[in-house]
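Reproduced below: work-v6.cif, with mmCIF, N, CA and C atoms.
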```
data_my_file
#
loop_
_atom_site.label_atom_id
_atom_site.label_comp_id
_atom_site.auth_asym_id
_atom_site.auth_seq_id
_atom_site.Cartn_x
_atom_site.Cartn_y
_atom_site.Cartn_z
N GLN A 188 -186.52 119.35 257.83
CA GLN A 188 -187.87 119.83 257.52
C GLN A 188 -188.45 119.02 256.37
N VAL A 189 -189.60 118.40 256.62
CA VAL A 189 -190.25 117.59 255.60
C VAL A 189 -190.93 118.50 254.58
N GLN A 190 -190.69 118.22 253.32
CA GLN A 190 -191.29 119.04 252.27
C GLN A 190 -191.55 118.21 251.03
N LEU A 191 -192.69 118.47 250.40
CA LEU A 191 -193.03 117.90 249.09
C LEU A 191 -193.29 119.07 248.16
N VAL A 192 -192.63 119.07 247.02
CA VAL A 192 -192.80 120.17 246.06
C VAL A 192 -193.20 119.59 244.72
N GLU A 193 -194.42 119.91 244.29
CA GLU A 193 -194.89 119.46 242.99
C GLU A 193 -194.52 120.47 241.91
N SER A 194 -194.33 119.98 240.70
CA SER A 194 -194.06 120.84 239.55
C SER A 194 -194.48 120.11 238.29
N GLY A 195 -194.51 120.85 237.18
CA GLY A 195 -194.80 120.23 235.89
C GLY A 195 -196.20 120.50 235.36
N GLY A 196 -197.03 121.15 236.15
CA GLY A 196 -198.37 121.45 235.67
C GLY A 196 -198.35 122.54 234.62
N GLY A 197 -199.51 122.77 234.03
CA GLY A 197 -199.61 123.81 233.02
C GLY A 197 -200.86 123.66 232.19
N LEU A 198 -200.90 124.39 231.09
CA LEU A 198 -202.03 124.36 230.17
C LEU A 198 -201.67 123.46 228.99
N VAL A 199 -202.55 122.53 228.68
CA VAL A 199 -202.30 121.59 227.59
C VAL A 199 -203.61 121.35 226.84
N GLN A 200 -203.51 121.08 225.56
CA GLN A 200 -204.70 120.81 224.76
C GLN A 200 -205.19 119.38 225.01
N PRO A 201 -206.47 119.13 224.79
CA PRO A 201 -206.98 117.76 224.90
C PRO A 201 -206.17 116.81 224.02
N GLY A 202 -205.87 115.64 224.57
CA GLY A 202 -205.04 114.68 223.86
C GLY A 202 -203.56 114.83 224.14
N GLY A 203 -203.19 115.90 224.79
CA GLY A 203 -201.78 116.15 225.08
C GLY A 203 -201.28 115.41 226.30
N SER A 204 -200.02 115.68 226.65
CA SER A 204 -199.36 115.00 227.76
C SER A 204 -198.67 116.00 228.68
N LEU A 205 -198.55 115.61 229.92
CA LEU A 205 -197.76 116.34 230.90
C LEU A 205 -197.11 115.32 231.84
N ARG A 206 -195.97 115.70 232.40
CA ARG A 206 -195.36 114.89 233.44
C ARG A 206 -195.19 115.73 234.69
N LEU A 207 -195.87 115.31 235.75
CA LEU A 207 -195.75 115.98 237.04
C LEU A 207 -194.63 115.35 237.85
N SER A 208 -193.97 116.18 238.63
CA SER A 208 -192.92 115.71 239.53
C SER A 208 -193.26 116.10 240.96
N CYS A 209 -192.85 115.26 241.89
CA CYS A 209 -193.01 115.54 243.32
C CYS A 209 -191.67 115.27 243.97
N ALA A 210 -190.97 116.34 244.30
CA ALA A 210 -189.66 116.22 244.91
C ALA A 210 -189.80 116.24 246.43
N ALA A 211 -189.27 115.22 247.07
CA ALA A 211 -189.35 115.10 248.52
C ALA A 211 -188.04 115.51 249.16
N SER A 212 -188.12 116.14 250.32
CA SER A 212 -186.94 116.48 251.09
C SER A 212 -187.25 116.34 252.58
N GLY A 213 -186.22 116.07 253.35
CA GLY A 213 -186.42 115.91 254.79
C GLY A 213 -186.81 114.51 255.21
N PHE A 214 -187.01 113.62 254.25
CA PHE A 214 -187.33 112.23 254.54
C PHE A 214 -187.02 111.40 253.30
N THR A 215 -186.98 110.09 253.48
CA THR A 215 -186.68 109.18 252.37
C THR A 215 -187.99 108.67 251.78
N SER A 216 -188.34 109.18 250.60
CA SER A 216 -189.66 108.87 250.03
C SER A 216 -189.83 107.39 249.71
N SER A 217 -188.72 106.68 249.49
CA SER A 217 -188.83 105.25 249.15
C SER A 217 -189.41 104.44 250.31
N ARG A 218 -189.39 104.99 251.51
CA ARG A 218 -189.93 104.32 252.68
C ARG A 218 -191.39 104.68 252.91
N TYR A 219 -191.94 105.48 252.03
CA TYR A 219 -193.32 105.93 252.18
C TYR A 219 -194.17 105.47 251.00
N ILE A 220 -195.46 105.38 251.24
CA ILE A 220 -196.43 105.17 250.18
C ILE A 220 -196.68 106.54 249.56
N MET A 221 -196.43 106.64 248.27
CA MET A 221 -196.54 107.93 247.59
C MET A 221 -197.76 107.92 246.67
N SER A 222 -198.54 108.96 246.75
CA SER A 222 -199.77 109.03 245.99
C SER A 222 -199.93 110.39 245.32
N TRP A 223 -200.75 110.39 244.29
CA TRP A 223 -201.21 111.62 243.66
C TRP A 223 -202.72 111.72 243.85
N TYR A 224 -203.17 112.90 244.20
CA TYR A 224 -204.58 113.23 244.31
C TYR A 224 -204.83 114.47 243.46
N ARG A 225 -206.11 114.73 243.18
CA ARG A 225 -206.44 115.95 242.46
C ARG A 225 -207.75 116.51 243.00
N GLN A 226 -207.90 117.81 242.81
CA GLN A 226 -209.12 118.48 243.26
C GLN A 226 -209.52 119.53 242.23
N ALA A 227 -210.70 119.33 241.65
CA ALA A 227 -211.24 120.29 240.71
C ALA A 227 -212.08 121.31 241.47
N PRO A 228 -212.28 122.49 240.90
CA PRO A 228 -213.07 123.52 241.57
C PRO A 228 -214.47 123.01 241.93
N GLY A 229 -214.85 123.20 243.18
CA GLY A 229 -216.18 122.80 243.62
C GLY A 229 -216.34 121.32 243.90
N LYS A 230 -215.24 120.58 243.80
CA LYS A 230 -215.30 119.13 244.02
C LYS A 230 -214.37 118.73 245.15
N GLU A 231 -214.59 117.52 245.67
CA GLU A 231 -213.72 117.01 246.72
C GLU A 231 -212.42 116.49 246.10
N ARG A 232 -211.40 116.46 246.95
CA ARG A 232 -210.14 115.88 246.51
C ARG A 232 -210.34 114.39 246.25
N GLU A 233 -209.77 113.90 245.14
CA GLU A 233 -209.94 112.49 244.78
C GLU A 233 -208.61 111.83 244.50
N PHE A 234 -208.58 110.54 244.77
CA PHE A 234 -207.40 109.72 244.53
C PHE A 234 -207.14 109.58 243.03
N VAL A 235 -205.87 109.61 242.65
CA VAL A 235 -205.49 109.42 241.25
C VAL A 235 -204.63 108.17 241.08
N ALA A 236 -203.54 108.10 241.85
CA ALA A 236 -202.60 106.98 241.68
C ALA A 236 -201.75 106.84 242.93
N VAL A 237 -201.24 105.61 243.14
CA VAL A 237 -200.40 105.32 244.30
C VAL A 237 -199.30 104.36 243.88
N ILE A 238 -198.13 104.51 244.53
CA ILE A 238 -197.03 103.58 244.33
C ILE A 238 -196.46 103.21 245.69
N SER A 239 -196.27 101.89 245.86
CA SER A 239 -195.78 101.40 247.14
C SER A 239 -194.97 100.14 246.91
N SER A 240 -193.70 100.18 247.30
CA SER A 240 -192.82 99.02 247.16
C SER A 240 -192.89 98.41 245.76
N GLY A 241 -193.01 99.27 244.75
CA GLY A 241 -193.01 98.80 243.38
C GLY A 241 -194.36 98.52 242.80
N SER A 242 -195.38 98.34 243.63
CA SER A 242 -196.72 98.11 243.10
C SER A 242 -197.44 99.44 242.91
N THR A 243 -198.35 99.45 241.94
CA THR A 243 -199.08 100.67 241.63
C THR A 243 -200.58 100.39 241.55
N ASN A 244 -201.35 101.46 241.72
CA ASN A 244 -202.79 101.35 241.57
C ASN A 244 -203.31 102.70 241.08
N TYR A 245 -204.41 102.66 240.35
CA TYR A 245 -204.93 103.87 239.72
C TYR A 245 -206.44 103.98 239.88
N ALA A 246 -206.90 105.21 239.86
CA ALA A 246 -208.34 105.43 239.76
C ALA A 246 -208.81 104.96 238.39
N ASP A 247 -210.03 104.45 238.33
CA ASP A 247 -210.55 103.95 237.06
C ASP A 247 -210.53 105.02 235.97
N SER A 248 -210.73 106.26 236.37
CA SER A 248 -210.82 107.35 235.40
C SER A 248 -209.51 107.64 234.69
N VAL A 249 -208.39 107.16 235.24
CA VAL A 249 -207.08 107.46 234.63
C VAL A 249 -206.33 106.21 234.18
N LYS A 250 -206.88 105.04 234.46
CA LYS A 250 -206.21 103.79 234.07
C LYS A 250 -205.95 103.76 232.57
N GLY A 251 -204.74 103.36 232.22
CA GLY A 251 -204.37 103.27 230.82
C GLY A 251 -203.87 104.58 230.24
N ARG A 252 -204.04 105.68 230.98
CA ARG A 252 -203.59 106.99 230.50
C ARG A 252 -202.49 107.58 231.37
N PHE A 253 -202.54 107.33 232.67
CA PHE A 253 -201.57 107.88 233.61
C PHE A 253 -200.65 106.77 234.11
N THR A 254 -199.41 107.14 234.41
CA THR A 254 -198.44 106.22 234.96
C THR A 254 -197.69 106.89 236.10
N ILE A 255 -197.69 106.24 237.27
CA ILE A 255 -196.95 106.74 238.41
C ILE A 255 -195.63 105.97 238.50
N SER A 256 -194.57 106.69 238.84
CA SER A 256 -193.26 106.05 238.97
C SER A 256 -192.44 106.81 239.99
N ARG A 257 -191.30 106.23 240.39
CA ARG A 257 -190.46 106.90 241.37
C ARG A 257 -189.00 106.71 241.02
N ASP A 258 -188.21 107.70 241.36
CA ASP A 258 -186.76 107.63 241.21
C ASP A 258 -186.19 107.82 242.61
N ASN A 259 -185.84 106.71 243.25
CA ASN A 259 -185.39 106.79 244.64
C ASN A 259 -184.09 107.57 244.79
N ALA A 260 -183.26 107.50 243.78
CA ALA A 260 -181.99 108.24 243.85
C ALA A 260 -182.23 109.75 243.90
N LYS A 261 -183.32 110.18 243.26
CA LYS A 261 -183.65 111.61 243.24
C LYS A 261 -184.71 111.96 244.29
N ASN A 262 -185.18 110.94 245.03
CA ASN A 262 -186.22 111.17 246.04
C ASN A 262 -187.44 111.86 245.43
N THR A 263 -187.81 111.39 244.25
CA THR A 263 -188.85 112.06 243.46
C THR A 263 -189.85 111.03 242.92
N VAL A 264 -191.11 111.43 242.90
CA VAL A 264 -192.17 110.63 242.32
C VAL A 264 -192.74 111.39 241.13
N TYR A 265 -193.12 110.65 240.11
CA TYR A 265 -193.63 111.27 238.88
C TYR A 265 -195.03 110.78 238.57
N LEU A 266 -195.74 111.58 237.80
CA LEU A 266 -197.03 111.17 237.25
C LEU A 266 -197.03 111.56 235.78
N GLN A 267 -196.87 110.57 234.92
CA GLN A 267 -196.94 110.79 233.48
C GLN A 267 -198.40 110.73 233.06
N MET A 268 -198.88 111.79 232.45
CA MET A 268 -200.28 111.89 232.07
C MET A 268 -200.38 112.03 230.57
N ASN A 269 -201.00 111.05 229.93
CA ASN A 269 -201.18 111.05 228.48
C ASN A 269 -202.66 111.10 228.14
N SER A 270 -202.95 111.43 226.89
CA SER A 270 -204.33 111.48 226.41
C SER A 270 -205.21 112.29 227.36
N LEU A 271 -204.74 113.46 227.72
CA LEU A 271 -205.44 114.27 228.70
C LEU A 271 -206.79 114.75 228.17
N LYS A 272 -207.74 114.83 229.10
CA LYS A 272 -209.11 115.24 228.79
C LYS A 272 -209.45 116.49 229.59
N PRO A 273 -210.41 117.26 229.14
CA PRO A 273 -210.81 118.45 229.92
C PRO A 273 -211.19 118.11 231.36
N GLU A 274 -211.75 116.93 231.57
CA GLU A 274 -212.14 116.54 232.93
C GLU A 274 -210.95 116.21 233.82
N ASP A 275 -209.77 116.18 233.28
CA ASP A 275 -208.55 116.01 234.09
C ASP A 275 -208.09 117.33 234.70
N THR A 276 -208.73 118.42 234.31
CA THR A 276 -208.37 119.72 234.85
C THR A 276 -208.59 119.77 236.36
N ALA A 277 -207.54 120.09 237.09
CA ALA A 277 -207.60 120.10 238.55
C ALA A 277 -206.26 120.57 239.11
N MET A 278 -206.26 120.82 240.41
CA MET A 278 -205.00 120.99 241.13
C MET A 278 -204.55 119.60 241.54
N TYR A 279 -203.33 119.26 241.23
CA TYR A 279 -202.79 117.94 241.54
C TYR A 279 -201.84 118.03 242.73
N TYR A 280 -202.07 117.13 243.70
CA TYR A 280 -201.31 117.13 244.94
C TYR A 280 -200.57 115.80 245.11
N CYS A 281 -199.40 115.89 245.69
CA CYS A 281 -198.60 114.73 246.04
C CYS A 281 -198.77 114.47 247.54
N GLN A 282 -198.89 113.20 247.91
CA GLN A 282 -198.99 112.81 249.31
C GLN A 282 -197.98 111.73 249.62
N ALA A 283 -197.34 111.85 250.77
CA ALA A 283 -196.48 110.80 251.30
C ALA A 283 -197.11 110.28 252.58
N ARG A 284 -197.23 108.96 252.69
CA ARG A 284 -197.88 108.37 253.87
C ARG A 284 -197.02 107.24 254.40
N SER A 285 -196.77 107.28 255.71
CA SER A 285 -195.98 106.21 256.32
C SER A 285 -196.88 105.05 256.70
N VAL A 286 -196.28 103.94 257.05
CA VAL A 286 -197.05 102.75 257.41
C VAL A 286 -197.82 102.96 258.72
N ILE A 287 -197.41 103.95 259.52
CA ILE A 287 -198.13 104.20 260.77
C ILE A 287 -199.15 105.32 260.58
N GLY A 288 -199.30 105.81 259.35
CA GLY A 288 -200.36 106.77 259.08
C GLY A 288 -199.97 108.22 259.00
N THR A 289 -198.73 108.54 259.31
CA THR A 289 -198.29 109.93 259.18
C THR A 289 -198.31 110.32 257.71
N SER A 290 -198.88 111.48 257.41
CA SER A 290 -198.94 111.89 256.01
C SER A 290 -198.49 113.33 255.84
N TYR A 291 -197.93 113.58 254.66
CA TYR A 291 -197.49 114.91 254.27
C TYR A 291 -198.08 115.23 252.90
N TRP A 292 -198.35 116.52 252.68
CA TRP A 292 -198.90 116.97 251.40
C TRP A 292 -198.05 118.08 250.83
N GLY A 293 -198.02 118.14 249.50
CA GLY A 293 -197.39 119.26 248.82
C GLY A 293 -198.41 120.37 248.63
N GLN A 294 -197.95 121.44 247.98
CA GLN A 294 -198.80 122.62 247.81
C GLN A 294 -199.66 122.54 246.55
N GLY A 295 -199.35 121.58 245.69
CA GLY A 295 -200.14 121.36 244.48
C GLY A 295 -199.58 122.04 243.25
N THR A 296 -199.94 121.49 242.10
CA THR A 296 -199.59 122.08 240.81
C THR A 296 -200.83 122.02 239.92
N GLN A 297 -201.13 123.12 239.24
CA GLN A 297 -202.36 123.22 238.46
C GLN A 297 -202.19 122.59 237.08
N VAL A 298 -203.16 121.77 236.71
CA VAL A 298 -203.22 121.20 235.37
C VAL A 298 -204.52 121.66 234.73
N THR A 299 -204.41 122.28 233.57
CA THR A 299 -205.59 122.75 232.84
C THR A 299 -205.56 122.17 231.44
N VAL A 300 -206.63 121.44 231.09
CA VAL A 300 -206.73 120.82 229.77
C VAL A 300 -207.84 121.55 229.02
N SER A 301 -207.44 122.29 228.01
CA SER A 301 -208.40 123.11 227.27
C SER A 301 -207.87 123.45 225.89
N SER A 302 -208.77 123.56 224.95
CA SER A 302 -208.38 123.98 223.61
C SER A 302 -208.52 125.49 223.45
#
```
Can you give me the file's structure in the form of structure tokens?
Amino acid sequence: QVQLVESGGGLVQPGGSLRLSCAASGFTSSRYIMSWYRQAPGKEREFVAVISSGSTNYADSVKGRFTISRDNAKNTVYLQMNSLKPEDTAMYYCQARSVIGTSYWGQGTQVTVSS
């Protein structure tokens, strides 16, 4: 059974940090393009970061603040988020996508940046 489980969200003050985790099971995540997306209330889901075969890419809004990485031995992808801003508040989702287009989503983890 394919499953993605996100964790690590929570409430943090502006300027703070969080590390999100996406644990994959039922498939080998290293063979997939792994991405993070987020969705704020009343807004569409938007791309945050992607990692594929060692290369990474980020949305302009998070460049220099967020870092995506993977631990293939743990079948897990991470999103290190630093210098968090209130506008980073959203539900964060992990996506796994195969080269033929098959995709899986996790259930999301809430990140709230507020003083």
Next on the checklist: On this structure, the PyMOL selection byres (((chain A and resi 224 and name CA) around 12) and name CA) would catch which residues? List them as JSON, numbers by chain, sorted by chain and number.
Outcome noted: {"A": [193, 207, 209, 221, 222, 223, 225, 226, 227, 231, 232, 233, 234, 235, 236, 237, 245, 246, 249, 255, 266, 275, 277, 278, 279, 280, 281, 282, 283, 292, 293, 294, 295, 296, 297]}
Keeping only N, CA and C atoms, take the residues you just selected and write them out as a short mmCIF file (atom, residue, chain, number, x, y, z; two decimals), in the frame of the given file.
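After the write, result_7.cif holds the following:
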```
data_model
loop_
_atom_site.label_atom_id
_atom_site.label_comp_id
_atom_site.auth_asym_id
_atom_site.auth_seq_id
_atom_site.Cartn_x
_atom_site.Cartn_y
_atom_site.Cartn_z
N GLU A 193 -194.42 119.91 244.29
CA GLU A 193 -194.89 119.46 242.99
C GLU A 193 -194.52 120.47 241.91
N LEU A 207 -195.87 115.31 235.75
CA LEU A 207 -195.75 115.98 237.04
C LEU A 207 -194.63 115.35 237.85
N CYS A 209 -192.85 115.26 241.89
CA CYS A 209 -193.01 115.54 243.32
C CYS A 209 -191.67 115.27 243.97
N MET A 221 -196.43 106.64 248.27
CA MET A 221 -196.54 107.93 247.59
C MET A 221 -197.76 107.92 246.67
N SER A 222 -198.54 108.96 246.75
CA SER A 222 -199.77 109.03 245.99
C SER A 222 -199.93 110.39 245.32
N TRP A 223 -200.75 110.39 244.29
CA TRP A 223 -201.21 111.62 243.66
C TRP A 223 -202.72 111.72 243.85
N ARG A 225 -206.11 114.73 243.18
CA ARG A 225 -206.44 115.95 242.46
C ARG A 225 -207.75 116.51 243.00
N GLN A 226 -207.90 117.81 242.81
CA GLN A 226 -209.12 118.48 243.26
C GLN A 226 -209.52 119.53 242.23
N ALA A 227 -210.70 119.33 241.65
CA ALA A 227 -211.24 120.29 240.71
C ALA A 227 -212.08 121.31 241.47
N GLU A 231 -214.59 117.52 245.67
CA GLU A 231 -213.72 117.01 246.72
C GLU A 231 -212.42 116.49 246.10
N ARG A 232 -211.40 116.46 246.95
CA ARG A 232 -210.14 115.88 246.51
C ARG A 232 -210.34 114.39 246.25
N GLU A 233 -209.77 113.90 245.14
CA GLU A 233 -209.94 112.49 244.78
C GLU A 233 -208.61 111.83 244.50
N PHE A 234 -208.58 110.54 244.77
CA PHE A 234 -207.40 109.72 244.53
C PHE A 234 -207.14 109.58 243.03
N VAL A 235 -205.87 109.61 242.65
CA VAL A 235 -205.49 109.42 241.25
C VAL A 235 -204.63 108.17 241.08
N ALA A 236 -203.54 108.10 241.85
CA ALA A 236 -202.60 106.98 241.68
C ALA A 236 -201.75 106.84 242.93
N VAL A 237 -201.24 105.61 243.14
CA VAL A 237 -200.40 105.32 244.30
C VAL A 237 -199.30 104.36 243.88
N TYR A 245 -204.41 102.66 240.35
CA TYR A 245 -204.93 103.87 239.72
C TYR A 245 -206.44 103.98 239.88
N ALA A 246 -206.90 105.21 239.86
CA ALA A 246 -208.34 105.43 239.76
C ALA A 246 -208.81 104.96 238.39
N VAL A 249 -208.39 107.16 235.24
CA VAL A 249 -207.08 107.46 234.63
C VAL A 249 -206.33 106.21 234.18
N ILE A 255 -197.69 106.24 237.27
CA ILE A 255 -196.95 106.74 238.41
C ILE A 255 -195.63 105.97 238.50
N LEU A 266 -195.74 111.58 237.80
CA LEU A 266 -197.03 111.17 237.25
C LEU A 266 -197.03 111.56 235.78
N ASP A 275 -209.77 116.18 233.28
CA ASP A 275 -208.55 116.01 234.09
C ASP A 275 -208.09 117.33 234.70
N ALA A 277 -207.54 120.09 237.09
CA ALA A 277 -207.60 120.10 238.55
C ALA A 277 -206.26 120.57 239.11
N MET A 278 -206.26 120.82 240.41
CA MET A 278 -205.00 120.99 241.13
C MET A 278 -204.55 119.60 241.54
N TYR A 279 -203.33 119.26 241.23
CA TYR A 279 -202.79 117.94 241.54
C TYR A 279 -201.84 118.03 242.73
N TYR A 280 -202.07 117.13 243.70
CA TYR A 280 -201.31 117.13 244.94
C TYR A 280 -200.57 115.80 245.11
N CYS A 281 -199.40 115.89 245.69
CA CYS A 281 -198.60 114.73 246.04
C CYS A 281 -198.77 114.47 247.54
N GLN A 282 -198.89 113.20 247.91
CA GLN A 282 -198.99 112.81 249.31
C GLN A 282 -197.98 111.73 249.62
N ALA A 283 -197.34 111.85 250.77
CA ALA A 283 -196.48 110.80 251.30
C ALA A 283 -197.11 110.28 252.58
N TRP A 292 -198.35 116.52 252.68
CA TRP A 292 -198.90 116.97 251.40
C TRP A 292 -198.05 118.08 250.83
N GLY A 293 -198.02 118.14 249.50
CA GLY A 293 -197.39 119.26 248.82
C GLY A 293 -198.41 120.37 248.63
N GLN A 294 -197.95 121.44 247.98
CA GLN A 294 -198.80 122.62 247.81
C GLN A 294 -199.66 122.54 246.55
N GLY A 295 -199.35 121.58 245.69
CA GLY A 295 -200.14 121.36 244.48
C GLY A 295 -199.58 122.04 243.25
N THR A 296 -199.94 121.49 242.10
CA THR A 296 -199.59 122.08 240.81
C THR A 296 -200.83 122.02 239.92
N GLN A 297 -201.13 123.12 239.24
CA GLN A 297 -202.36 123.22 238.46
C GLN A 297 -202.19 122.59 237.08
#
```
Checklist entry - When you draw a straight line from atom N of Asn262 in chain A to atom N of Thr215 in chain A, how long is it in Å? => result 8.7 Å
Next on the checklist: Taking the DSSP secondary structure from the backbone, can you list the residues of range 228-282 of chain A that are helix (DSSP H, G or I), as a PyMOL selection string?
Outcome noted: chain A and resi 259-261+273-275
Store the residues picked out above in a file with N, CA and C atoms, as an mmCIF file, in the frame of the given file.
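Written out: part28.cif:
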```cif
data_model
loop_
_atom_site.group_PDB
_atom_site.id
_atom_site.type_symbol
_atom_site.label_atom_id
_atom_site.label_comp_id
_atom_site.auth_asym_id
_atom_site.auth_seq_id
_atom_site.Cartn_x
_atom_site.Cartn_y
_atom_site.Cartn_z
ATOM 1 N N ASN A 259 -185.840 106.710 243.250
ATOM 2 C CA ASN A 259 -185.390 106.790 244.640
ATOM 3 C C ASN A 259 -184.090 107.570 244.790
ATOM 4 N N ALA A 260 -183.260 107.500 243.780
ATOM 5 C CA ALA A 260 -181.990 108.240 243.850
ATOM 6 C C ALA A 260 -182.230 109.750 243.900
ATOM 7 N N LYS A 261 -183.320 110.180 243.260
ATOM 8 C CA LYS A 261 -183.650 111.610 243.240
ATOM 9 C C LYS A 261 -184.710 111.960 244.290
ATOM 10 N N PRO A 273 -210.410 117.260 229.140
ATOM 11 C CA PRO A 273 -210.810 118.450 229.920
ATOM 12 C C PRO A 273 -211.190 118.110 231.360
ATOM 13 N N GLU A 274 -211.750 116.930 231.570
ATOM 14 C CA GLU A 274 -212.140 116.540 232.930
ATOM 15 C C GLU A 274 -210.950 116.210 233.820
ATOM 16 N N ASP A 275 -209.770 116.180 233.280
ATOM 17 C CA ASP A 275 -208.550 116.010 234.090
ATOM 18 C C ASP A 275 -208.090 117.330 234.700
#
```
Next on the checklist: I want to know what sits within 7 Å of Arg284 in chain A, based on only N, CA and C atoms, with residues of the same chain fewer than 3 positions away left out; could you give that as an MDAnalysis selection string?
Outcome noted: chainID A and resid 218:222 287:291
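Here the question is which of A:Ser208, A:Gln188, A:Gln200, A:Thr276 gets nearest to Thr263 in chain A using only C-alpha atoms, and that residue is A:Ser208.
For the point (-204.0, 110.9, 225.1), the residues with at least one atom inside 6 Å, counting only C-alpha atoms, are Gly202, Gly203, Asn269, Ser270 and Leu271 of chain A.
Nearest to Ser242 in chain A of all the residues A:Val300, A:Arg206, A:Tyr265, A:Ser256 is A:Ser256, counting only C-alpha atoms.
Residue nearest Ala210 in chain A within the list A:Val298, A:Val192, A:Ile238, A:Ala260: A:Val192 [criterion: smallest interatomic distance, only N, CA and C atoms].
Across the structure, atom N of Val264 in chain A and atom N of Pro228 in chain A are spaced 24.0 Å apart.
Distance-wise, CA of Ser240 in chain A and atom N of Ser217 in chain A end up 9.0 Å apart.
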